[in-house]
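Trainee: Okay, handing you the structure first.
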Amino acid sequence: MFDRHLKVWPKGVPHHFDLPEQTLTRNLTDTAARNPSKPAIIYHGHTLTYAELNAQVEALAGYLQKRAGVKRGDRVLLYMQNSPQFIIGYYAILRADAAVIPVNPMSRHAELIHYADNAGASVMLTGQELLPFATPVASEGHLKTIIAANYGELSDPACDIPLPEPLNTLNPADISGPGVVRWTDAVAENITPDAPQATPDDLAVIPYSSGTTGAPKGCVHTHRTVQVTCIGGLIWNPMGEHDVSLTVLPLFHVTGMQAAMNSPIYSGGTMVVMTRWNRATAAALIQRHRVTRWRSISTMAIDLVNDPDFDSYDLSSLTAIGGGGAAMPAAIATKLKDMTGLDYIEGYGMSETMAATHINPTDAPKRQCLGIPVFDVDCRVVDPATDHELGPNETGEILMSGPQVFKGYWRNDQATAEALIQRDGKTFLRTGDLGYYDEDGYFFMVDRVKRMINASGFKIWPAEVEALMHKHPNIAEVCIISTKDPRRGESVKAVIVRKPKAGDNLTAEDVITWCKTEMAAYKCPRTVEFTDSLPKSGSGKVLWRELQQIEDARSGKAS
């Protein structure tokens, strides 16, 4: 058992906690019974109390069971943007004893067919704006029922912060199509669902992995595995009924799902929901609603800090900030610390672990650090080629074992066998991430196993180069990829978004010259491409693979 980190374990936090024997559904009903009039959701001027939230969950769950034919263990697609309806839909599916299949709202026709067919789902909950992509899937026989919501029906049209376009122009009366039911009509039937049957070991959520190779794979989680990181996160960094969370991380993604929805509901806090990231709107909501907790990814924080108006924002209500997805550049973390007085607490997890397995101690965080293994997590670093276990400061693949590790990939025994291995009598997950731990047991990410650039035998980790380049005063965002090199095999290419103040004055030559003063020559980009924006996933992560594939096609390099 890895225990090097116990000497820096946060003060007052137990090394182990006993998980309550209850489902996620019970989390909501308990909170609603305890504080029925407490605001649960604030959305563009409209507030839903916990009693109202629970009532809508019950009504929709009843419709799913009695009208849509959803039975215990069935899978239901949840294809929506952040909204009150997403939260209602998520808990209604669970209340119907079914499993949530959260779908990236950027997904389109072929992807939706894959999710429906692979999961064996016949029912989808979706947003009106996504109906043009959902209804063809039903017309082609992959779905039987689509329940579609207009997010604006749970907002205040008079709010001075309007819904983002085109959501603010959609008319719920236009919701129609084969097998399509209006959300409000389904809820209005007010059907009482059957008594809950699900246990902590029933299916709860099956998030699909990014699909770096082949089609996306469903990560099977039970109520128990979801509860581990939901409740564990609250013990590590306590959140109470008084806390207000900015719910802007995509809820289809496990980090947003846990830190910005499930954990606030368990603790009875308030969620200020944002459908789409906008830095000015986020700052306005933090100030107006005295938001205390903001979980984000580094790209959001970078965008906020790069806002010319950043110094004028009132972020004084924040008591906790942090997130994951990619290392927070030191310059951004410093500016956030100067503004808020808070350390950005970084963590690390995967869809396969339902969010964090590692979090920085709140009383002793390190920057650009994954943190230390949390409750009952055993983490090792091994040589990717030999599986030989490595020591401190030696880079290898991260393996981890813990109670939050998924049960396997849905209907994919081969992938499960490749991902889950036995070691020292325990089941470990191969993460595919390269990293190391230091003498104190803090873990650090180097890169993905498959992302390494090999230039004349020198190993280059793009994430490291990106972190260094974020220190440049005129670079807003950067993604490092490889490019074909007849002499070196591969060389480094930087795809850069300039800061607005830089204009066209920042040249490729300027960037390369600056890099040569900041890092080893073999790591420096040999070529630079400027762009207006970097492609990002629905969860806000930079799609480096997409840029790499474009570059490979240009150079004729085999991908």
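By convention here, the chains of the structure tokens are called A, B, ... in the order presented, each chain's residues are numbered starting at 1, and ligands are numbered starting at 1 in the order presented.
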Give me the residues within 6 Å of range 125-136 of chain A as a PDB file with N, CA and C atoms, in the first residue's frame, counting only C-alpha atoms and dropping any in the same chain fewer than 6 places off.

Mentor:
ATOM      1  N   LEU A  78     -29.061  11.109 -21.215  1.00  0.00           N
ATOM      2  CA  LEU A  78     -29.262  12.481 -20.740  1.00  0.00           C
ATOM      3  C   LEU A  78     -28.389  13.390 -21.592  1.00  0.00           C
ATOM      4  N   TYR A  79     -29.015  13.996 -22.604  1.00  0.00           N
ATOM      5  CA  TYR A  79     -28.324  14.753 -23.655  1.00  0.00           C
ATOM      6  C   TYR A  79     -28.740  16.216 -23.537  1.00  0.00           C
ATOM      7  N   MET A  80     -28.110  16.927 -22.598  1.00  0.00           N
ATOM      8  CA  MET A  80     -28.509  18.292 -22.293  1.00  0.00           C
ATOM      9  C   MET A  80     -27.299  19.124 -21.903  1.00  0.00           C
ATOM     10  N   ILE A 146     -38.416  10.591 -26.675  1.00  0.00           N
ATOM     11  CA  ILE A 146     -37.546  11.726 -26.379  1.00  0.00           C
ATOM     12  C   ILE A 146     -38.363  12.728 -25.573  1.00  0.00           C
ATOM     13  N   ILE A 147     -37.884  13.079 -24.401  1.00  0.00           N
ATOM     14  CA  ILE A 147     -38.532  14.101 -23.582  1.00  0.00           C
ATOM     15  C   ILE A 147     -37.664  15.350 -23.671  1.00  0.00           C
ATOM     16  N   ALA A 148     -38.212  16.412 -24.261  1.00  0.00           N
ATOM     17  CA  ALA A 148     -37.415  17.596 -24.597  1.00  0.00           C
ATOM     18  C   ALA A 148     -37.821  18.805 -23.757  1.00  0.00           C
ATOM     19  N   ALA A 149     -36.822  19.503 -23.254  1.00  0.00           N
ATOM     20  CA  ALA A 149     -37.037  20.636 -22.354  1.00  0.00           C
ATOM     21  C   ALA A 149     -36.593  21.944 -22.985  1.00  0.00           C
ATOM     22  N   ASN A 150     -37.343  22.989 -22.709  1.00  0.00           N
ATOM     23  CA  ASN A 150     -36.917  24.350 -23.001  1.00  0.00           C
ATOM     24  C   ASN A 150     -36.363  24.921 -21.694  1.00  0.00           C
TER      25      ASN A 150
END

Trainee: Using only C-alpha atoms, find each residue of range 107-192 of chain A with at least one atom at most 12 Å away from an atom of range 265-276 of chain A; report its shortest atom-to-atom pair and that distance in Å (one decimal), sort the rows by chain and rising residue number, and return the result as JSON lines.

Mentor:
{"residue": "A:Gly127", "atom": "CA", "partner": "A:Thr275", "partner_atom": "CA", "distance": 11.3}
{"residue": "A:Tyr151", "atom": "CA", "partner": "A:Thr275", "partner_atom": "CA", "distance": 9.1}
{"residue": "A:Gly152", "atom": "CA", "partner": "A:Thr275", "partner_atom": "CA", "distance": 10.9}
{"residue": "A:Leu154", "atom": "CA", "partner": "A:Val273", "partner_atom": "CA", "distance": 11.3}
{"residue": "A:Ser155", "atom": "CA", "partner": "A:Val273", "partner_atom": "CA", "distance": 10.6}
{"residue": "A:Ile161", "atom": "CA", "partner": "A:Met274", "partner_atom": "CA", "distance": 10.7}
{"residue": "A:Pro162", "atom": "CA", "partner": "A:Met274", "partner_atom": "CA", "distance": 10.9}
{"residue": "A:Leu163", "atom": "CA", "partner": "A:Thr275", "partner_atom": "CA", "distance": 8.0}
{"residue": "A:Pro164", "atom": "CA", "partner": "A:Arg276", "partner_atom": "CA", "distance": 7.3}
{"residue": "A:Glu165", "atom": "CA", "partner": "A:Arg276", "partner_atom": "CA", "distance": 10.0}
{"residue": "A:Pro166", "atom": "CA", "partner": "A:Arg276", "partner_atom": "CA", "distance": 11.6}
{"residue": "A:Leu167", "atom": "CA", "partner": "A:Thr275", "partner_atom": "CA", "distance": 9.6}
{"residue": "A:Asn168", "atom": "CA", "partner": "A:Thr275", "partner_atom": "CA", "distance": 11.6}

Trainee: Using only C-alpha atoms, which residues of range 330-388 of chain A come within 12 Å of range 417-436 of chain A, and what is the closest atom pair for each, with the distance in Å to one decimal? Give it as a tab-separated table, sorted by chain and residue number.

Mentor:
residue	atom	partner	partner_atom	distance
A:Tyr348	CA	A:Asp433	CA	10.8
A:Gly349	CA	A:Thr431	CA	9.3
A:Met350	CA	A:Thr431	CA	8.2
A:Ser351	CA	A:Thr431	CA	10.4
A:Glu352	CA	A:Leu429	CA	8.3
A:Thr353	CA	A:Leu429	CA	9.0
A:Thr357	CA	A:Thr431	CA	11.4
A:Gln368	CA	A:Gly435	CA	11.9
A:Cys369	CA	A:Gly435	CA	10.2
A:Leu370	CA	A:Gly435	CA	9.4
A:Gly371	CA	A:Tyr436	CA	11.3
A:Ile372	CA	A:Tyr436	CA	11.3
A:Val377	CA	A:Phe428	CA	10.0
A:Asp378	CA	A:Phe428	CA	8.5
A:Cys379	CA	A:Phe428	CA	8.4
A:Arg380	CA	A:Tyr436	CA	8.9
A:Val381	CA	A:Tyr436	CA	6.5
A:Val382	CA	A:Leu434	CA	9.2
A:Asp383	CA	A:Leu434	CA	9.5
A:Pro384	CA	A:Leu434	CA	8.7
A:Asp387	CA	A:Arg423	CA	10.1
A:His388	CA	A:Arg423	CA	11.2

Trainee: Can you list, as a VMD selection string, every protein, DNA or RNA residue that comes within 9 Å of Val103 in chain A when you count only C-alpha atoms, leaving out same-chain residues fewer than 5 positions away?

Mentor: chain A and resid 77 to 80 112 115 207 to 208 252 to 253

Trainee: For the residues in the current selection, export N, CA and C atoms as a PDB file, in the first residue's frame.

Mentor:
ATOM      1  N   LEU A  77     -30.573   7.980 -21.814  1.00  0.00           N
ATOM      2  CA  LEU A  77     -29.643   9.007 -22.270  1.00  0.00           C
ATOM      3  C   LEU A  77     -30.041  10.375 -21.722  1.00  0.00           C
ATOM      4  N   LEU A  78     -29.061  11.109 -21.215  1.00  0.00           N
ATOM      5  CA  LEU A  78     -29.262  12.481 -20.740  1.00  0.00           C
ATOM      6  C   LEU A  78     -28.389  13.390 -21.592  1.00  0.00           C
ATOM      7  N   TYR A  79     -29.015  13.996 -22.604  1.00  0.00           N
ATOM      8  CA  TYR A  79     -28.324  14.753 -23.655  1.00  0.00           C
ATOM      9  C   TYR A  79     -28.740  16.216 -23.537  1.00  0.00           C
ATOM     10  N   MET A  80     -28.110  16.927 -22.598  1.00  0.00           N
ATOM     11  CA  MET A  80     -28.509  18.292 -22.293  1.00  0.00           C
ATOM     12  C   MET A  80     -27.299  19.124 -21.903  1.00  0.00           C
ATOM     13  N   LEU A 112     -24.503   9.789 -31.344  1.00  0.00           N
ATOM     14  CA  LEU A 112     -25.741   9.516 -30.612  1.00  0.00           C
ATOM     15  C   LEU A 112     -26.234   8.097 -30.873  1.00  0.00           C
ATOM     16  N   TYR A 115     -24.131   5.782 -28.712  1.00  0.00           N
ATOM     17  CA  TYR A 115     -24.520   5.781 -27.306  1.00  0.00           C
ATOM     18  C   TYR A 115     -25.833   5.025 -27.100  1.00  0.00           C
ATOM     19  N   PRO A 207     -20.772   7.034 -17.633  1.00  0.00           N
ATOM     20  CA  PRO A 207     -20.170   8.047 -18.489  1.00  0.00           C
ATOM     21  C   PRO A 207     -19.299   7.371 -19.547  1.00  0.00           C
ATOM     22  N   TYR A 208     -19.277   7.944 -20.732  1.00  0.00           N
ATOM     23  CA  TYR A 208     -18.464   7.373 -21.800  1.00  0.00           C
ATOM     24  C   TYR A 208     -17.122   8.077 -21.866  1.00  0.00           C
ATOM     25  N   PHE A 252     -22.305  16.788 -17.701  1.00  0.00           N
ATOM     26  CA  PHE A 252     -22.182  15.454 -18.284  1.00  0.00           C
ATOM     27  C   PHE A 252     -20.827  14.841 -17.952  1.00  0.00           C
ATOM     28  N   HIS A 253     -19.879  15.679 -17.543  1.00  0.00           N
ATOM     29  CA  HIS A 253     -18.526  15.236 -17.231  1.00  0.00           C
ATOM     30  C   HIS A 253     -18.423  14.957 -15.737  1.00  0.00           C
TER      31      HIS A 253
END

Trainee: Can you pull out the residues contacting Ile297 in chain A? Cut-off 7 Å, using only C-alpha atoms, and skip same-chain residues under 6 positions away; I want them as a list of chain:residue names.

Mentor: A:Gly323, A:Gly324, A:Gly325

Trainee: DSSP on the backbone: which residues in range 439-527 of chain A end up as strand (DSSP E or B)? Give the answer as a PyMOL selection string.

Mentor: chain A and resi 443-448+453-455+458-460+475-485+489-498+527

Trainee: Residues as selected, C-alpha atoms, written as an mmCIF file, in the first residue's frame, can you do that?

Mentor:
data_model
loop_
_atom_site.group_PDB
_atom_site.id
_atom_site.type_symbol
_atom_site.label_atom_id
_atom_site.label_comp_id
_atom_site.auth_asym_id
_atom_site.auth_seq_id
_atom_site.Cartn_x
_atom_site.Cartn_y
_atom_site.Cartn_z
ATOM 1 C CA PHE A 443 1.935 13.035 -7.721
ATOM 2 C CA PHE A 444 2.722 14.989 -10.869
ATOM 3 C CA MET A 445 1.480 14.510 -14.416
ATOM 4 C CA VAL A 446 3.957 14.362 -17.246
ATOM 5 C CA ASP A 447 1.652 13.524 -20.155
ATOM 6 C CA ARG A 448 -0.397 10.810 -21.778
ATOM 7 C CA ILE A 453 7.182 13.498 -28.853
ATOM 8 C CA ASN A 454 10.454 11.776 -29.735
ATOM 9 C CA ALA A 455 12.963 14.208 -31.263
ATOM 10 C CA PHE A 458 14.915 13.084 -26.701
ATOM 11 C CA LYS A 459 11.561 12.527 -25.011
ATOM 12 C CA ILE A 460 9.402 15.651 -24.960
ATOM 13 C CA ILE A 475 0.244 34.028 -25.224
ATOM 14 C CA ALA A 476 -3.348 33.364 -24.133
ATOM 15 C CA GLU A 477 -3.468 29.648 -24.985
ATOM 16 C CA VAL A 478 -1.117 27.118 -26.527
ATOM 17 C CA CYS A 479 -1.247 23.509 -27.642
ATOM 18 C CA ILE A 480 1.904 21.536 -28.411
ATOM 19 C CA ILE A 481 1.852 18.839 -31.085
ATOM 20 C CA SER A 482 4.472 16.966 -33.083
ATOM 21 C CA THR A 483 5.409 17.624 -36.677
ATOM 22 C CA LYS A 484 7.374 15.452 -39.087
ATOM 23 C CA ASP A 485 11.079 16.217 -39.247
ATOM 24 C CA GLY A 489 12.044 12.186 -36.791
ATOM 25 C CA GLU A 490 9.701 14.506 -34.921
ATOM 26 C CA SER A 491 9.878 18.142 -33.890
ATOM 27 C CA VAL A 492 7.770 20.389 -31.707
ATOM 28 C CA LYS A 493 5.057 22.613 -33.129
ATOM 29 C CA ALA A 494 3.146 25.232 -31.117
ATOM 30 C CA VAL A 495 -0.414 26.222 -32.012
ATOM 31 C CA ILE A 496 -0.987 29.557 -30.280
ATOM 32 C CA VAL A 497 -3.844 31.936 -29.476
ATOM 33 C CA ARG A 498 -2.431 35.431 -28.975
ATOM 34 C CA THR A 527 7.382 25.883 -36.002
#

Trainee: Provide the CA of Asn262 in chain A to CA of Leu234 in chain A distance in Å, to one decimal place.

Mentor: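 Computing the Euclidean distance for CA of Asn262 in chain A and CA of Leu234 in chain A yields 10.4 Å.
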
Trainee: Excluding Cys515 in chain A and its own-chain neighbours fewer than 6 positions away, which residues fall within 12 Å of it when counting only C-alpha atoms? Please give them as a list in words.

Mentor: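 My reading of the contact set: Val465, Glu466, Ala467, Leu468, Met469, His470, Lys471, His472, Ile475, Val492, Ala494, Ala508, Glu509, Ala521, Tyr522, Lys523, Cys524, Pro525, Arg526, Thr527 and Val528 of chain A.
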
Trainee: Which neighbours of Met328 in chain A fall inside 8 Å, counting only C-alpha atoms, when residues of the same chain fewer than 2 positions from it are skipped, and could you give them as a list in words?

Mentor: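 Here the answer would be Ser298, Gly324, Ala326, Ala330, Ile332, Ala333, Glu346, Arg367, Gln368 and Ala467 of chain A.
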
Trainee: I need the helix (DSSP H, G or I) residues of range 23-146 of chain A per DSSP on the backbone, written as a PyMOL selection string.

Mentor: chain A and resi 24-34+50-66+84-95+109-119+128-139

Trainee: Pick out the residues sitting within 10 Å of Asp440 in chain A, and hand them over as a PDB file with N, CA and C atoms, in the first residue's frame; count only C-alpha atoms, and ignore anything fewer than 5 positions along from it in its own chain.

Mentor:
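For reference, around27.pdb as written:
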ATOM      1  N   ASP A   3       2.009   4.625   0.994  1.00  0.00           N
ATOM      2  CA  ASP A   3       1.703   5.411   2.184  1.00  0.00           C
ATOM      3  C   ASP A   3       2.652   6.585   2.397  1.00  0.00           C
ATOM      4  N   ARG A   4       3.477   6.863   1.399  1.00  0.00           N
ATOM      5  CA  ARG A   4       4.465   7.932   1.521  1.00  0.00           C
ATOM      6  C   ARG A   4       3.805   9.288   1.812  1.00  0.00           C
ATOM      7  N   HIS A   5       2.559   9.460   1.340  1.00  0.00           N
ATOM      8  CA  HIS A   5       1.869  10.742   1.443  1.00  0.00           C
ATOM      9  C   HIS A   5       1.216  10.983   2.803  1.00  0.00           C
ATOM     10  N   LEU A   6       1.195   9.978   3.661  1.00  0.00           N
ATOM     11  CA  LEU A   6       0.466  10.137   4.922  1.00  0.00           C
ATOM     12  C   LEU A   6       1.082  11.215   5.813  1.00  0.00           C
ATOM     13  N   LYS A   7       2.349  11.498   5.608  1.00  0.00           N
ATOM     14  CA  LYS A   7       2.986  12.527   6.435  1.00  0.00           C
ATOM     15  C   LYS A   7       2.514  13.930   6.068  1.00  0.00           C
ATOM     16  N   VAL A   8       1.889  14.108   4.897  1.00  0.00           N
ATOM     17  CA  VAL A   8       1.361  15.420   4.518  1.00  0.00           C
ATOM     18  C   VAL A   8      -0.168  15.393   4.450  1.00  0.00           C
ATOM     19  N   ILE A 372      -2.281  14.224  -3.666  1.00  0.00           N
ATOM     20  CA  ILE A 372      -1.897  12.947  -3.050  1.00  0.00           C
ATOM     21  C   ILE A 372      -3.093  11.991  -3.104  1.00  0.00           C
ATOM     22  N   PRO A 392      10.524   7.166  -6.256  1.00  0.00           N
ATOM     23  CA  PRO A 392      10.287   8.612  -6.322  1.00  0.00           C
ATOM     24  C   PRO A 392      11.020   9.258  -7.493  1.00  0.00           C
TER      25      PRO A 392
END

Trainee: Would you compute the distance between CA of Phe406 in chain A and CA of Lys71 in chain A? Give it in Å to one decimal.

Mentor: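 These atoms are spaced 22.6 Å apart.
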
Trainee: Can you work out which one of A:Ala51, A:Leu336, A:Ala320, A:Ala284 has the shortest atom-to-atom distance to Asn306 in chain A, counting only C-alpha atoms?

Mentor: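 When distances to Asn306 in chain A are compared using only C-alpha atoms, the smallest one comes from A:Leu336.
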
Trainee: Distance table requested - range 376-445 of chain A against range 224-232 of chain A, cut-off 7 Å, only C-alpha atoms: one row per qualifying residue with the closest atom pair and its distance in Å to one decimal, ordered by chain and rising residue number, as a tab-separated table.

Mentor:
residue	atom	partner	partner_atom	distance
A:Pro403	CA	A:Thr225	CA	6.4
A:Gln404	CA	A:Thr225	CA	4.5
A:Val405	CA	A:Thr225	CA	6.9
A:Phe406	CA	A:Thr225	CA	7.0

Trainee: Can I get the selected residues back with N, CA and C atoms, as a CSV table (one decimal), in the first residue's frame?

Mentor:
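Listed below is the output, again.csv:
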chain,number,residue,atom,x,y,z
A,403,PRO,N,-11.9,2.3,-4.0
A,403,PRO,CA,-13.3,2.0,-4.0
A,403,PRO,C,-14.1,2.7,-5.1
A,404,GLN,N,-13.5,3.8,-5.6
A,404,GLN,CA,-14.2,4.5,-6.7
A,404,GLN,C,-13.9,4.0,-8.1
A,405,VAL,N,-13.0,3.1,-8.2
A,405,VAL,CA,-12.7,2.5,-9.6
A,405,VAL,C,-13.9,1.8,-10.2
A,406,PHE,N,-14.1,2.1,-11.4
A,406,PHE,CA,-15.3,1.5,-12.1
A,406,PHE,C,-15.3,0.0,-12.1

Trainee: Distance CA of Gly179 in chain A-CA of Thr145 in chain A, one decimal place?

Mentor: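 These atoms are spaced 4.8 Å apart.
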